[in-house]
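Next comes protein-v6.cif, a file with mmCIF, C-alpha atoms.
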```cif
data_model
#
loop_
_atom_site.label_atom_id
_atom_site.label_comp_id
_atom_site.auth_asym_id
_atom_site.auth_seq_id
_atom_site.Cartn_x
_atom_site.Cartn_y
_atom_site.Cartn_z
CA CYS A 23 -50.37 -148.10 6.07
CA HIS A 24 -52.31 -148.07 2.79
CA PRO A 25 -50.56 -145.81 0.25
CA VAL A 26 -52.29 -143.85 -2.48
CA PHE A 27 -51.21 -144.77 -6.01
CA HIS A 28 -51.59 -143.21 -9.41
CA GLN A 29 -50.42 -144.51 -12.80
CA THR A 30 -52.38 -147.69 -12.09
CA ALA A 31 -54.93 -148.93 -14.62
CA VAL A 32 -58.21 -150.29 -13.23
CA THR A 33 -60.42 -152.79 -15.05
CA TYR A 34 -63.87 -153.58 -13.63
CA PHE A 35 -65.51 -156.95 -14.23
CA PRO A 36 -69.32 -156.99 -13.89
CA LEU A 37 -69.48 -160.80 -13.67
CA GLY A 38 -67.33 -163.62 -12.34
CA GLU A 39 -67.12 -165.06 -15.85
CA ASP A 40 -65.43 -161.87 -17.06
CA LYS A 41 -62.84 -161.99 -14.28
CA PHE A 42 -62.17 -165.68 -14.91
CA GLU A 43 -61.39 -165.17 -18.60
CA GLU A 44 -58.95 -162.35 -17.83
CA MET A 45 -57.37 -164.32 -14.96
CA LEU A 46 -56.49 -167.13 -17.35
CA ARG A 47 -54.89 -164.69 -19.80
CA GLN A 48 -52.84 -162.96 -17.10
CA LEU A 49 -51.73 -166.23 -15.46
CA GLU A 50 -50.32 -167.42 -18.77
CA GLY A 51 -48.02 -164.38 -18.81
CA ALA A 52 -46.56 -164.93 -15.33
CA GLY A 53 -42.77 -165.14 -15.27
CA HIS A 54 -41.68 -164.52 -11.68
CA PHE A 55 -44.40 -165.32 -9.14
CA ILE A 56 -48.10 -166.06 -8.70
CA PHE A 57 -49.72 -165.46 -5.31
CA MET A 58 -53.32 -166.58 -4.68
CA GLU A 59 -55.26 -166.07 -1.44
CA TYR A 60 -58.93 -167.07 -1.47
CA PHE A 61 -61.68 -167.80 1.01
CA ILE A 62 -63.08 -170.67 -1.08
CA VAL A 63 -61.35 -173.07 -3.44
CA ASP A 64 -63.53 -175.84 -4.83
CA GLU A 65 -62.74 -178.44 -7.48
CA GLY A 66 -64.54 -177.96 -10.78
CA VAL A 67 -64.25 -176.24 -14.14
CA MET A 68 -62.91 -172.95 -12.77
CA TRP A 69 -60.31 -174.33 -10.38
CA GLY A 70 -59.37 -177.12 -12.79
CA ARG A 71 -58.35 -174.70 -15.55
CA ILE A 72 -56.50 -172.45 -13.11
CA LEU A 73 -54.69 -175.38 -11.49
CA GLU A 74 -53.48 -176.66 -14.86
CA ILE A 75 -51.78 -173.30 -15.50
CA LEU A 76 -50.37 -173.11 -11.96
CA ALA A 77 -48.81 -176.57 -12.20
CA ARG A 78 -47.31 -175.77 -15.59
CA LYS A 79 -45.90 -172.45 -14.35
CA ALA A 80 -44.48 -174.05 -11.20
CA ALA A 81 -42.72 -176.66 -13.34
CA ALA A 82 -41.20 -173.80 -15.37
CA GLY A 83 -39.70 -172.24 -12.24
CA VAL A 84 -42.34 -169.64 -11.34
CA ASP A 85 -42.85 -169.21 -7.57
CA VAL A 86 -46.49 -170.29 -7.18
CA ARG A 87 -48.18 -169.97 -3.79
CA VAL A 88 -51.80 -170.74 -2.91
CA MET A 89 -53.50 -170.04 0.41
CA TYR A 90 -57.13 -170.79 1.21
CA ASP A 91 -59.24 -170.55 4.33
CA GLY A 92 -59.49 -173.57 6.61
CA ALA A 93 -63.29 -173.53 6.43
CA CYS A 94 -62.93 -175.21 3.00
CA GLU A 95 -61.84 -178.35 4.82
CA PHE A 96 -65.37 -178.80 6.19
CA ALA A 97 -67.11 -179.56 2.91
CA LEU A 98 -65.00 -178.70 -0.14
CA LEU A 99 -61.44 -180.01 0.02
CA PRO A 100 -59.73 -182.97 1.72
CA HIS A 101 -57.46 -182.33 4.70
CA ASP A 102 -54.34 -183.28 2.75
CA TYR A 103 -55.03 -180.94 -0.18
CA PRO A 104 -52.00 -178.69 0.56
CA LYS A 105 -49.83 -181.79 0.30
CA ARG A 106 -51.40 -182.66 -3.05
CA LEU A 107 -50.62 -179.20 -4.41
CA ARG A 108 -47.07 -179.33 -3.11
CA ALA A 109 -46.61 -182.53 -5.11
CA LEU A 110 -47.30 -180.38 -8.20
CA GLY A 111 -44.60 -177.90 -7.19
CA ILE A 112 -47.12 -175.41 -5.77
CA LYS A 113 -46.49 -173.99 -2.30
CA CYS A 114 -49.76 -174.21 -0.38
CA LYS A 115 -51.12 -173.28 3.03
CA MET A 116 -54.50 -173.66 4.68
CA PHE A 117 -55.22 -170.61 6.82
CA ALA A 118 -56.43 -171.43 10.34
CA PRO A 119 -57.69 -175.02 9.92
CA VAL A 120 -60.96 -175.41 11.78
CA THR A 121 -60.73 -177.27 15.08
CA PRO A 122 -63.65 -179.42 16.27
CA PHE A 123 -64.43 -177.00 19.11
CA VAL A 124 -66.24 -173.71 18.61
CA SER A 125 -64.00 -170.84 19.68
CA THR A 126 -63.08 -167.27 18.83
CA HIS A 127 -60.33 -168.80 16.67
CA TYR A 128 -63.07 -170.00 14.31
CA ASN A 129 -64.28 -166.42 13.83
CA TYR A 130 -61.06 -165.08 12.38
CA ARG A 131 -61.52 -166.35 8.84
CA ASP A 132 -59.49 -165.25 5.80
CA HIS A 133 -62.27 -163.86 3.60
CA ARG A 134 -59.89 -162.18 1.14
CA LYS A 135 -59.77 -162.89 -2.59
CA ILE A 136 -56.37 -161.87 -3.96
CA LEU A 137 -54.39 -162.84 -7.04
CA VAL A 138 -51.04 -161.12 -7.68
CA ILE A 139 -48.89 -161.80 -10.75
CA ASP A 140 -45.26 -160.64 -10.86
CA GLY A 141 -46.01 -157.64 -8.66
CA HIS A 142 -47.59 -155.59 -11.46
CA THR A 143 -51.04 -157.18 -11.85
CA ALA A 144 -53.56 -157.84 -9.07
CA PHE A 145 -57.16 -159.04 -8.89
CA ASN A 146 -59.63 -158.39 -6.08
CA GLY A 147 -63.39 -158.56 -5.57
CA GLY A 148 -66.05 -160.99 -4.47
CA VAL A 149 -65.28 -163.90 -6.81
CA ASN A 150 -64.00 -167.09 -5.18
CA LEU A 151 -62.53 -170.07 -7.04
CA SER A 152 -65.66 -172.17 -7.41
CA ASP A 153 -68.01 -172.88 -10.30
CA GLU A 154 -71.09 -171.06 -8.97
CA TYR A 155 -69.13 -167.79 -9.13
CA ILE A 156 -68.89 -168.11 -12.92
CA ASN A 157 -72.43 -169.53 -13.32
CA GLN A 158 -71.14 -172.97 -14.28
CA LYS A 159 -73.01 -174.57 -11.36
CA PRO A 160 -76.25 -172.69 -10.62
CA LYS A 161 -77.13 -172.77 -6.93
CA PHE A 162 -79.32 -169.75 -6.27
CA GLY A 163 -80.33 -168.61 -9.73
CA HIS A 164 -78.00 -166.29 -11.59
CA TRP A 165 -74.89 -165.41 -9.55
CA LYS A 166 -74.09 -161.69 -9.79
CA ASP A 167 -70.56 -160.92 -8.67
CA THR A 168 -67.90 -158.32 -9.45
CA ALA A 169 -64.13 -157.90 -9.42
CA VAL A 170 -61.36 -155.49 -10.37
CA MET A 171 -57.92 -155.85 -11.92
CA LEU A 172 -55.10 -153.42 -11.15
CA LYS A 173 -52.11 -153.00 -13.45
CA GLY A 174 -49.33 -150.80 -12.12
CA PRO A 175 -47.70 -149.82 -8.83
CA ALA A 176 -50.83 -150.33 -6.71
CA ALA A 177 -50.56 -154.09 -7.25
CA GLN A 178 -47.63 -154.06 -4.83
CA SER A 179 -49.99 -153.39 -1.93
CA PHE A 180 -51.68 -156.72 -2.63
CA THR A 181 -48.27 -158.40 -2.85
CA LEU A 182 -47.54 -157.10 0.64
CA MET A 183 -50.98 -158.13 1.98
CA PHE A 184 -50.47 -161.64 0.68
CA LEU A 185 -46.96 -161.98 2.13
CA GLN A 186 -48.12 -160.72 5.53
CA MET A 187 -50.77 -163.44 5.67
CA TRP A 188 -48.46 -166.09 4.23
CA GLY A 189 -45.87 -165.34 6.89
CA ILE A 190 -48.26 -165.28 9.83
CA ASP A 191 -46.97 -168.68 11.04
CA GLU A 192 -43.32 -168.23 10.05
CA LEU A 193 -40.43 -166.83 12.08
CA GLN A 194 -38.75 -165.23 9.06
CA MET A 195 -40.15 -163.94 5.79
CA GLU A 196 -38.47 -162.69 2.62
CA TYR A 197 -40.25 -159.59 1.31
CA ALA A 198 -37.55 -157.83 -0.70
CA PRO A 199 -37.39 -160.22 -3.69
CA PHE A 200 -41.08 -159.58 -4.40
CA LEU A 201 -41.16 -155.83 -3.69
CA SER A 202 -37.74 -154.60 -4.84
CA CYS A 203 -38.50 -154.63 -8.57
CA PRO A 204 -40.86 -151.72 -9.26
CA PRO A 205 -43.70 -152.65 -11.62
CA HIS A 206 -43.99 -150.83 -14.91
CA PRO A 207 -46.15 -147.70 -14.49
CA VAL A 208 -49.21 -147.32 -16.69
CA LYS A 209 -48.82 -143.73 -17.82
CA GLU A 210 -52.25 -143.39 -19.42
CA ALA A 211 -54.08 -144.40 -16.24
CA LYS A 212 -55.96 -141.57 -14.54
CA GLY A 213 -57.13 -141.03 -10.99
CA TYR A 214 -56.05 -142.64 -7.75
CA VAL A 215 -56.20 -146.12 -6.26
CA ILE A 216 -55.88 -147.27 -2.64
CA PRO A 217 -55.78 -151.03 -2.03
CA TYR A 218 -56.61 -151.64 1.64
CA GLY A 219 -56.74 -154.59 3.99
CA ASP A 220 -58.78 -155.06 7.15
CA CYS A 221 -57.76 -157.18 10.13
CA PRO A 222 -59.95 -158.34 13.05
CA LEU A 223 -57.03 -158.34 15.49
CA ASP A 224 -56.79 -154.56 15.88
CA ASN A 225 -59.27 -151.85 16.85
CA ASP A 226 -59.30 -150.25 13.40
CA LYS A 227 -62.49 -151.31 11.59
CA LEU A 228 -61.13 -150.05 8.29
CA GLY A 229 -63.69 -151.71 6.01
CA GLU A 230 -66.57 -150.11 7.90
CA ARG A 231 -64.78 -146.74 7.97
CA VAL A 232 -64.37 -146.76 4.18
CA TYR A 233 -68.08 -147.45 3.71
CA MET A 234 -69.12 -144.81 6.25
CA ASP A 235 -66.78 -142.26 4.67
CA LEU A 236 -68.47 -142.79 1.30
CA LEU A 237 -71.90 -142.38 2.90
CA ASN A 238 -70.92 -139.28 4.87
CA ARG A 239 -69.15 -137.46 2.02
CA SER A 240 -71.66 -138.21 -0.73
CA GLN A 241 -73.62 -135.33 -2.23
CA GLU A 242 -75.83 -136.91 -4.90
CA TYR A 243 -75.95 -140.70 -4.62
CA VAL A 244 -74.50 -143.82 -3.04
CA HIS A 245 -75.34 -147.07 -4.83
CA ILE A 246 -74.54 -150.30 -2.99
CA MET A 247 -74.46 -153.97 -3.92
CA THR A 248 -74.13 -156.40 -1.02
CA PRO A 249 -75.20 -159.99 -0.37
CA TYR A 250 -75.99 -159.48 3.32
CA LEU A 251 -77.43 -156.68 5.44
CA ILE A 252 -76.64 -157.18 9.11
CA LEU A 253 -75.89 -153.70 10.41
CA ASP A 254 -74.54 -152.20 13.58
CA GLY A 255 -76.01 -148.94 14.84
CA GLU A 256 -73.34 -146.71 13.32
CA THR A 257 -73.68 -148.08 9.79
CA GLU A 258 -77.48 -148.06 9.86
CA THR A 259 -77.44 -144.46 11.08
CA ALA A 260 -75.01 -143.47 8.30
CA LEU A 261 -77.27 -145.05 5.65
CA LYS A 262 -80.35 -143.34 7.05
CA PHE A 263 -78.72 -139.95 7.56
CA ALA A 264 -77.39 -139.88 4.00
CA ALA A 265 -80.91 -140.54 2.67
CA GLU A 266 -82.48 -138.02 5.05
CA ARG A 267 -80.20 -135.24 3.82
CA GLY A 268 -81.26 -135.86 0.21
CA VAL A 269 -78.67 -138.32 -1.09
CA GLU A 270 -80.07 -141.13 -3.23
CA VAL A 271 -79.13 -144.26 -1.29
CA ILE A 272 -79.93 -147.53 -3.05
CA LEU A 273 -79.26 -150.97 -1.60
CA LEU A 274 -79.21 -153.80 -4.15
CA LEU A 275 -79.63 -157.16 -2.41
CA PRO A 276 -80.26 -160.79 -3.44
CA GLY A 277 -83.68 -161.90 -4.60
CA ILE A 278 -82.79 -165.54 -3.99
CA PRO A 279 -80.87 -165.96 -0.71
CA ASP A 280 -78.04 -168.42 -0.14
CA LYS A 281 -78.73 -168.49 3.62
CA ARG A 282 -82.27 -168.21 4.99
CA ILE A 283 -81.49 -166.90 8.48
CA PRO A 284 -79.26 -163.97 7.39
CA TYR A 285 -81.89 -163.18 4.74
CA ALA A 286 -84.59 -162.97 7.42
CA LEU A 287 -82.29 -160.91 9.61
CA ALA A 288 -81.62 -158.47 6.74
CA LYS A 289 -85.35 -157.82 6.46
CA THR A 290 -85.50 -156.63 10.07
CA HIS A 291 -83.54 -153.56 8.89
CA TYR A 292 -85.89 -152.82 5.99
CA PRO A 293 -88.63 -150.82 7.79
CA SER A 294 -86.30 -148.33 9.46
CA LEU A 295 -84.24 -147.81 6.29
CA LEU A 296 -87.28 -147.41 4.03
CA GLU A 297 -88.88 -144.90 6.40
CA SER A 298 -85.72 -142.77 6.16
CA GLY A 299 -85.81 -142.80 2.36
CA VAL A 300 -83.29 -145.54 1.60
CA LYS A 301 -84.37 -147.42 -1.52
CA ILE A 302 -84.09 -151.21 -1.44
CA TYR A 303 -84.08 -153.49 -4.49
CA GLU A 304 -83.85 -157.27 -4.69
CA TYR A 305 -82.18 -158.99 -7.66
CA THR A 306 -84.97 -161.12 -9.12
CA PRO A 307 -82.84 -163.54 -11.23
CA GLY A 308 -80.82 -164.81 -8.30
CA PHE A 309 -78.08 -164.07 -5.80
CA VAL A 310 -75.96 -160.92 -5.51
CA HIS A 311 -72.51 -161.64 -4.06
CA ALA A 312 -70.91 -158.34 -5.14
CA LYS A 313 -69.49 -155.92 -2.58
CA VAL A 314 -69.62 -152.55 -4.34
CA PHE A 315 -70.13 -148.92 -3.29
CA VAL A 316 -70.20 -146.22 -5.99
CA SER A 317 -70.84 -142.54 -5.31
CA ASP A 318 -71.24 -139.23 -7.17
CA ASP A 319 -69.58 -140.42 -10.40
CA ASP A 320 -66.12 -140.02 -8.87
CA THR A 321 -65.65 -142.53 -6.03
CA ALA A 322 -66.08 -146.28 -5.67
CA THR A 323 -64.84 -149.28 -3.76
CA VAL A 324 -64.89 -152.92 -4.86
CA GLY A 325 -63.69 -155.70 -2.60
CA THR A 326 -64.56 -158.60 -0.33
CA ILE A 327 -66.33 -156.76 2.52
CA ASN A 328 -70.01 -157.51 3.10
CA LEU A 329 -72.35 -155.28 5.06
CA ASP A 330 -72.52 -157.71 7.95
CA TYR A 331 -70.89 -158.30 11.32
CA ARG A 332 -68.60 -161.09 10.14
CA SER A 333 -66.99 -158.97 7.42
CA LEU A 334 -66.91 -155.76 9.42
CA TYR A 335 -65.64 -157.24 12.70
CA LEU A 336 -64.44 -160.85 12.44
CA HIS A 337 -62.76 -161.50 9.08
CA PHE A 338 -59.53 -160.65 7.31
CA GLU A 339 -60.79 -158.61 4.35
CA CYS A 340 -59.57 -156.34 1.57
CA GLY A 341 -60.76 -153.92 -1.08
CA VAL A 342 -59.80 -151.27 -3.61
CA PHE A 343 -60.77 -147.62 -3.15
CA ILE A 344 -60.97 -145.84 -6.52
CA TYR A 345 -61.15 -142.09 -7.11
CA ASN A 346 -61.51 -140.10 -10.36
CA ASN A 347 -60.89 -143.15 -12.53
CA SER A 348 -62.79 -143.77 -15.76
CA GLU A 349 -63.86 -147.25 -14.56
CA ILE A 350 -66.17 -145.60 -12.00
CA ASP A 351 -68.51 -144.78 -14.88
CA ARG A 352 -68.53 -148.49 -15.85
CA ILE A 353 -69.29 -149.49 -12.26
CA GLU A 354 -72.27 -147.12 -12.13
CA ARG A 355 -73.52 -148.29 -15.54
CA ASP A 356 -73.34 -151.88 -14.34
CA PHE A 357 -75.31 -150.95 -11.24
CA GLN A 358 -78.04 -149.32 -13.35
CA GLN A 359 -78.13 -152.28 -15.72
CA THR A 360 -78.47 -154.70 -12.80
CA LEU A 361 -81.19 -152.53 -11.29
CA LYS A 362 -83.36 -153.22 -14.36
CA HIS A 363 -83.59 -156.86 -13.22
CA CYS A 364 -84.61 -156.02 -9.65
CA HIS A 365 -87.81 -155.73 -7.66
CA LYS A 366 -88.26 -152.53 -5.66
CA VAL A 367 -89.19 -153.29 -2.06
CA THR A 368 -92.02 -151.24 -0.54
CA LEU A 369 -92.76 -150.52 3.09
CA MET A 370 -96.21 -152.07 2.72
CA GLU A 371 -94.88 -155.46 1.60
CA VAL A 372 -92.27 -155.44 4.37
CA LYS A 373 -95.00 -154.93 6.97
CA LYS A 374 -96.79 -157.97 5.54
CA ARG A 375 -93.90 -160.31 6.32
CA THR A 376 -95.00 -163.61 7.74
CA MET A 377 -94.79 -164.15 11.48
CA LEU A 378 -92.21 -166.92 10.87
CA THR A 379 -89.95 -164.51 8.94
CA LYS A 380 -90.23 -161.96 11.74
CA LEU A 381 -89.43 -164.56 14.41
CA VAL A 382 -86.44 -165.95 12.50
CA GLY A 383 -85.14 -162.39 11.96
#
```

Please render this file's structure as structure tokens.
Amino acid sequence: CHPVFHQTAVTYFPLGEDKFEEMLRQLEGAGHFIFMEYFIVDEGVMWGRILEILARKAAAGVDVRVMYDGACEFALLPHDYPKRLRALGIKCKMFAPVTPFVSTHYNYRDHRKILVIDGHTAFNGGVNLSDEYINQKPKFGHWKDTAVMLKGPAAQSFTLMFLQMWGIDELQMEYAPFLSCPPHPVKEAKGYVIPYGDCPLDNDKLGERVYMDLLNRSQEYVHIMTPYLILDGETETALKFAAERGVEVILLLPGIPDKRIPYALAKTHYPSLLESGVKIYEYTPGFVHAKVFVSDDDTATVGTINLDYRSLYLHFECGVFIYNNSEIDRIERDFQQTLKHCHKVTLMEVKKRTMLTKLVG
């Protein structure tokens, strides 16, 4: 169940650096609990500054919990890192540590990025806790990412999402202490907000349904930022049909890829989409990691869900659906500003792909 909330203020961050600065401010104000659930945690400037605050808050009696995906153990963090954090007073779990054998268990990764503070403030979006996400450690040119902050009752949905994942390996879980105190409503906030989570263990592909709903209901435009384009038949048809009925559909993708094979695979979708009228742009300065849909000046979603099979079928994911909120205008303005730094892909150049690119795809 994903309730609809009003009286919740939404703040959109067009870059990871913007989210990071606000995260630090909000963490300093925590008095009851801090819950963090991230796909990637990597030591560096970003995590170092956050960890200093977490340790200080834990020492002051704040309930601090950190959960990160077990894939981090491969290359980013030592196996005993949860123990190291617990020594600082921080409760820590590694979600689904990777076993040495390839199995379906490996597929079910926790790709969410959630921060909840005292039940009234929540962050979500594409930004992990690693320096490339705030352009402190350039990897693939300029890193374009986005995030949102919720202040108000809707933050409780993220509290619940976090606790459900935290308790996945526990026989008993205490929910009431973190949900019983209603957060202060933000009376001046307009519109509606629906935080939603997606789970690979049921038959409800909620992330894909949200995206397809936006495509199917749009009247004027759907503007999309996504790092990957690995589509099933239903999603590709929805993109094409929206364009064919006169909706302006724009896909904004990376100009510098982080992974060569998915990049080649994405290009196999280009000809069919372009022929149907979908416009495709590539971000010349670097890599786009944002997961954003914005439509018709009144609807948007920002979250963790890529347009690829892993996000749509195999990961734990989450997002925020936003309707009739003033931040939608900021999201669209950011899209248009980013578009100025992009190269428009033509059907002619796609047909001139090298044979190697075609084979890899």

- Mind checking which residues fall within 12 Å of Phe35 of chain A, counting all atoms listed in the file, ignoring those fewer than 3 positions away in the same chain, and posting them as a ChimeraX atom specification? /A:32,38-45,145-149,156,166-172,312,314,324-325,349-350,352-353,355-357

With C-alpha atoms retained, export the selected residues as an mmCIF file, in the coordinates of the input.
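Written output follows (selection32.cif):
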```
data_model
loop_
_atom_site.group_PDB
_atom_site.id
_atom_site.type_symbol
_atom_site.label_atom_id
_atom_site.label_comp_id
_atom_site.auth_asym_id
_atom_site.auth_seq_id
_atom_site.Cartn_x
_atom_site.Cartn_y
_atom_site.Cartn_z
ATOM 1 C CA VAL A 32 -58.210 -150.290 -13.230
ATOM 2 C CA GLY A 38 -67.330 -163.620 -12.340
ATOM 3 C CA GLU A 39 -67.120 -165.060 -15.850
ATOM 4 C CA ASP A 40 -65.430 -161.870 -17.060
ATOM 5 C CA LYS A 41 -62.840 -161.990 -14.280
ATOM 6 C CA PHE A 42 -62.170 -165.680 -14.910
ATOM 7 C CA GLU A 43 -61.390 -165.170 -18.600
ATOM 8 C CA GLU A 44 -58.950 -162.350 -17.830
ATOM 9 C CA MET A 45 -57.370 -164.320 -14.960
ATOM 10 C CA PHE A 145 -57.160 -159.040 -8.890
ATOM 11 C CA ASN A 146 -59.630 -158.390 -6.080
ATOM 12 C CA GLY A 147 -63.390 -158.560 -5.570
ATOM 13 C CA GLY A 148 -66.050 -160.990 -4.470
ATOM 14 C CA VAL A 149 -65.280 -163.900 -6.810
ATOM 15 C CA ILE A 156 -68.890 -168.110 -12.920
ATOM 16 C CA LYS A 166 -74.090 -161.690 -9.790
ATOM 17 C CA ASP A 167 -70.560 -160.920 -8.670
ATOM 18 C CA THR A 168 -67.900 -158.320 -9.450
ATOM 19 C CA ALA A 169 -64.130 -157.900 -9.420
ATOM 20 C CA VAL A 170 -61.360 -155.490 -10.370
ATOM 21 C CA MET A 171 -57.920 -155.850 -11.920
ATOM 22 C CA LEU A 172 -55.100 -153.420 -11.150
ATOM 23 C CA ALA A 312 -70.910 -158.340 -5.140
ATOM 24 C CA VAL A 314 -69.620 -152.550 -4.340
ATOM 25 C CA VAL A 324 -64.890 -152.920 -4.860
ATOM 26 C CA GLY A 325 -63.690 -155.700 -2.600
ATOM 27 C CA GLU A 349 -63.860 -147.250 -14.560
ATOM 28 C CA ILE A 350 -66.170 -145.600 -12.000
ATOM 29 C CA ARG A 352 -68.530 -148.490 -15.850
ATOM 30 C CA ILE A 353 -69.290 -149.490 -12.260
ATOM 31 C CA ARG A 355 -73.520 -148.290 -15.540
ATOM 32 C CA ASP A 356 -73.340 -151.880 -14.340
ATOM 33 C CA PHE A 357 -75.310 -150.950 -11.240
#
```

- Tell me which residues the PyMOL selection byres ((chain A and resi 258) around 12) grabs here, as number ranges by chain. A: 230, 233-234, 237, 251-257, 259-265, 271, 273, 288, 290-296, 298, 300, 329-330

- Task: Name all residues at most 8 Å from segment 84-97 of chain A (count only C-alpha atoms; drop same-chain ones fewer than 4 positions away) and give them as an NGL selection string.
- Result: :A and (52-64 or 76 or 79-80 or 101 or 111-120 or 131-133 or 188)

- Taking the file above as input, evaluate the PyMOL selection byres ((chain A and resi 306) around 10) and report the hits as a list of chain:residue names.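 After applying the PyMOL selection byres ((chain A and resi 306) around 10), what remains is A:Gly163, A:His164, A:Leu275, A:Pro276, A:Gly277, A:Ile278, A:Tyr303, A:Glu304, A:Tyr305, A:Pro307, A:Gly308, A:Phe309, A:Val310, A:Thr360, A:Leu361, A:Lys362, A:His363, A:Cys364, A:His365, A:Lys366.
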
What would the file look like if the residues just selected were written as a tab-separated table (two decimals), keeping the file's coordinate frame with C-alpha atoms?
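Ended up saving to part-v3.tsv:
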```tsv
chain	number	residue	atom	x	y	z
A	163	GLY	CA	-80.33	-168.61	-9.73
A	164	HIS	CA	-78.00	-166.29	-11.59
A	275	LEU	CA	-79.63	-157.16	-2.41
A	276	PRO	CA	-80.26	-160.79	-3.44
A	277	GLY	CA	-83.68	-161.90	-4.60
A	278	ILE	CA	-82.79	-165.54	-3.99
A	303	TYR	CA	-84.08	-153.49	-4.49
A	304	GLU	CA	-83.85	-157.27	-4.69
A	305	TYR	CA	-82.18	-158.99	-7.66
A	307	PRO	CA	-82.84	-163.54	-11.23
A	308	GLY	CA	-80.82	-164.81	-8.30
A	309	PHE	CA	-78.08	-164.07	-5.80
A	310	VAL	CA	-75.96	-160.92	-5.51
A	360	THR	CA	-78.47	-154.70	-12.80
A	361	LEU	CA	-81.19	-152.53	-11.29
A	362	LYS	CA	-83.36	-153.22	-14.36
A	363	HIS	CA	-83.59	-156.86	-13.22
A	364	CYS	CA	-84.61	-156.02	-9.65
A	365	HIS	CA	-87.81	-155.73	-7.66
A	366	LYS	CA	-88.26	-152.53	-5.66
```

Emit as JSON the padded axis-aligned box for all listed atoms of segment 191-204 of chain A, 8 Å per side, with centre and edge lengths in Å to one decimal.
```
{"center_x": -42.2, "center_y": -160.2, "center_z": 1.4, "size_x": 25.6, "size_y": 33.0, "size_z": 37.3}
```

- Which residue of A:His311, A:Arg267, A:His24, A:Arg282 approaches Met183 of chain A most closely, using only C-alpha atoms: A:His24

- Task: May I ask which of the residues A:Leu236, A:Gln29, A:Arg231, A:Lys135 is the closest one to Leu151 of chain A, counting all atoms listed in the file?
- Result: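 So, comparing all the options, the nearest one is A:Lys135.
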
- Can you work out the spacing between atom CA of Ile139 of chain A and atom CA of Lys212 of chain A in Å, to one decimal? 21.8 Å
